[in-house]
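> Let me give you the structure first, and then I'll get to my questions.
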Amino acid sequence: MDLGTPILDVSTTSVSASGSASSTPAAAVSIVSGGTVSAPGYSPIIITRTVTNDAAMAAAAAATATASATAQTNAAYSTTTSGGTSTGTTYVSTDRDGGASYDVITTNGGSNFAPNVQVVVKK
Amino acid sequence: MFESEDEDTEDRSMQPVYISLNGTKMANKLNSMMDHVWDGFYSGQKRLSRFPGLIDGNQGVYNLTFTGSPAKKLRFTYMSQNKTGGMTLRIAYPSAVSRSLVKDGKKVEYNQWNETIHMYGAITQTFCGENRYVGVVNIFEFYLNTGCTIHIIPRDAIQSLVRMEWTMSSFFANGGTTSFMDRVAGGLGIHASTIKIVSVYEGSLVVNYEVTSATGNAVELA
């Protein structure tokens, strides 16, 4: 089937008008996944090259991901320059949890987070 | 007034049902009617899933929120002294199940797909039974006016989801849903009218559609 563009995923399921509304719907069956058509008893057929079915594309994607991670580690401090003069330095956190690195610090130079804070309770 | 037309209308509970007016804090909680039947020493547990609601039919938009799975078959009717009264009703379904709206024994199709807003055209409140399905959020909307009765019925369908290497803008620039339906119909050797677009969304580009029976007759269920 030509849809005018490469197909990546196709899944299908049947819906019946009969039965109770509380009954569990039929699970979707994947026909194409990651550009590969597969069915029980048949050899998979690649219809679209993706990182999941093409070794060269997977290697390229992995290399890109590695380069990105390395760049983040080396550039813990990001320096902003204007007209050749440094105008500020921003710390890029790499030791915090969370996707946006807004969570607690989990490591501090290889050690656990140990804040130098004293709590004083005034009675 | 609306009620379940499923076989389990007395046995399965979808109550309470909240009916709220969009843009206001108005919210009524409706409970099923209880049957005054006795099962030996105990009162019966059957509750008819029929809900009379008191509303202001001043062309408002009301949301119906079922706290149980909504019935597959529902009947709605609106009775009012106001001959020009009406309202748009919105039902949020938990899943994208294929449904039809039937009025006077005839199926009323969704509004025309709007390529600008990437969904079916909004309800304009021009005639009773005007309806559309809002994909992704699975909201079924329809217009009901004084003296009108409509039925919402499920239909047999094959639901399919296709993800393509395309952008949303490219998809609509190349014919959009019309071209997509033509291509699928051509590939499957079926009539394009049996293909209904459910939703189109990004990621790369995902089209959710369903194939229904060309001979499906909703009259027998109404």
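Each chain of the structure tokens is named A, B, ... in the order shown, its residues numbered from 1; ligands are numbered from 1 in display order.
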Select, as number ranges by chain, those residues of chain B with any atom no more than 10 Å from chain A (distances computed using only C-alpha atoms).
B: 6-9, 12-14, 68-73, 95-99, 153-166, 171, 174, 179-188, 204-212
> Using only C-alpha atoms, determine which residues lie at most 7 Å from Asn145 of chain B, disregarding the query and same-chain residues fewer than 6 positions distant; provide the list as a short mmCIF file (atom, residue, chain, number, x, y, z; two decimals) with N, CA and C atoms, in the first residue's frame.

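Everything below was put into result-v8.cif:
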data_model
loop_
_atom_site.label_atom_id
_atom_site.label_comp_id
_atom_site.auth_asym_id
_atom_site.auth_seq_id
_atom_site.Cartn_x
_atom_site.Cartn_y
_atom_site.Cartn_z
N TYR B 78 -34.65 15.45 24.58
CA TYR B 78 -34.73 16.74 25.27
C TYR B 78 -36.16 17.24 25.18
N GLY B 85 -35.21 25.72 22.19
CA GLY B 85 -34.13 25.33 23.09
C GLY B 85 -33.24 24.25 22.49
N GLY B 86 -32.04 24.21 22.97
CA GLY B 86 -31.11 23.19 22.50
C GLY B 86 -29.79 23.28 23.23
N MET B 87 -28.95 22.27 23.04
CA MET B 87 -27.65 22.27 23.71
C MET B 87 -26.70 21.34 22.96
N CYS B 128 -30.54 19.04 14.84
CA CYS B 128 -30.44 18.02 15.87
C CYS B 128 -29.69 16.81 15.32
#
> Among segment 44-207 of chain B, which residues carry a DSSP assignment of strand (DSSP E or B), reported as a PyMOL selection string?
chain B and resi 47-48+50-51+58-66+74-77+86-92+99-103+106-108+110+113-114+119-120+131-134+139-145+149-154+157-164+195-202+205-207
> Would you mind listing what lies within 10 Å of Glu115 of chain B as a count of residues only, with only C-alpha atoms counted and same-chain residues fewer than 6 positions away left out?
7
> Which value, in Å to one decimal, gives the distance between atom CA of Glu5 of chain B and atom CA of Arg50 of chain B?
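Taking atom CA of Glu5 of chain B as the start and atom CA of Arg50 of chain B as the end point, the length is 9.2 Å.
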> Need to verify the contact set: segment 88-93 of chain B, 7 Å, only C-alpha atoms, exclusion of same-chain residues closer than 3 positions in sequence. Can you return it as a PDB file with C-alpha atoms, in the first residue's frame?

ATOM      1  CA  GLN B  59     -27.662  26.655  23.422  1.00  0.00           C
ATOM      2  CA  GLY B  60     -25.026  25.923  26.014  1.00  0.00           C
ATOM      3  CA  VAL B  61     -22.341  23.259  25.907  1.00  0.00           C
ATOM      4  CA  TYR B  62     -22.701  20.564  28.538  1.00  0.00           C
ATOM      5  CA  ASN B  63     -20.170  17.941  29.540  1.00  0.00           C
ATOM      6  CA  LEU B  64     -21.331  14.527  30.598  1.00  0.00           C
ATOM      7  CA  THR B  65     -18.867  12.693  32.795  1.00  0.00           C
ATOM      8  CA  ASN B 138     -11.950  10.788  22.706  1.00  0.00           C
ATOM      9  CA  ILE B 139     -14.801  13.231  23.076  1.00  0.00           C
ATOM     10  CA  PHE B 140     -18.032  12.685  21.198  1.00  0.00           C
ATOM     11  CA  GLU B 141     -20.070  15.852  20.682  1.00  0.00           C
ATOM     12  CA  PHE B 142     -23.572  16.292  19.351  1.00  0.00           C
ATOM     13  CA  TYR B 143     -26.377  18.805  19.249  1.00  0.00           C
ATOM     14  CA  LEU B 144     -29.777  18.108  20.750  1.00  0.00           C
TER      15      LEU B 144
END
> Do you have the atom CA of Gly53 of chain B-atom CA of Lys107 of chain B distance handy?
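According to the coordinates, atom CA of Gly53 of chain B and atom CA of Lys107 of chain B are separated by 25.3 Å.
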> Would you work out the distance separating atom CA of Gly23 of chain B from atom CA of Leu54 of chain B, expressed in Å to one decimal?
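Here the two named atoms are 17.6 Å from each other.
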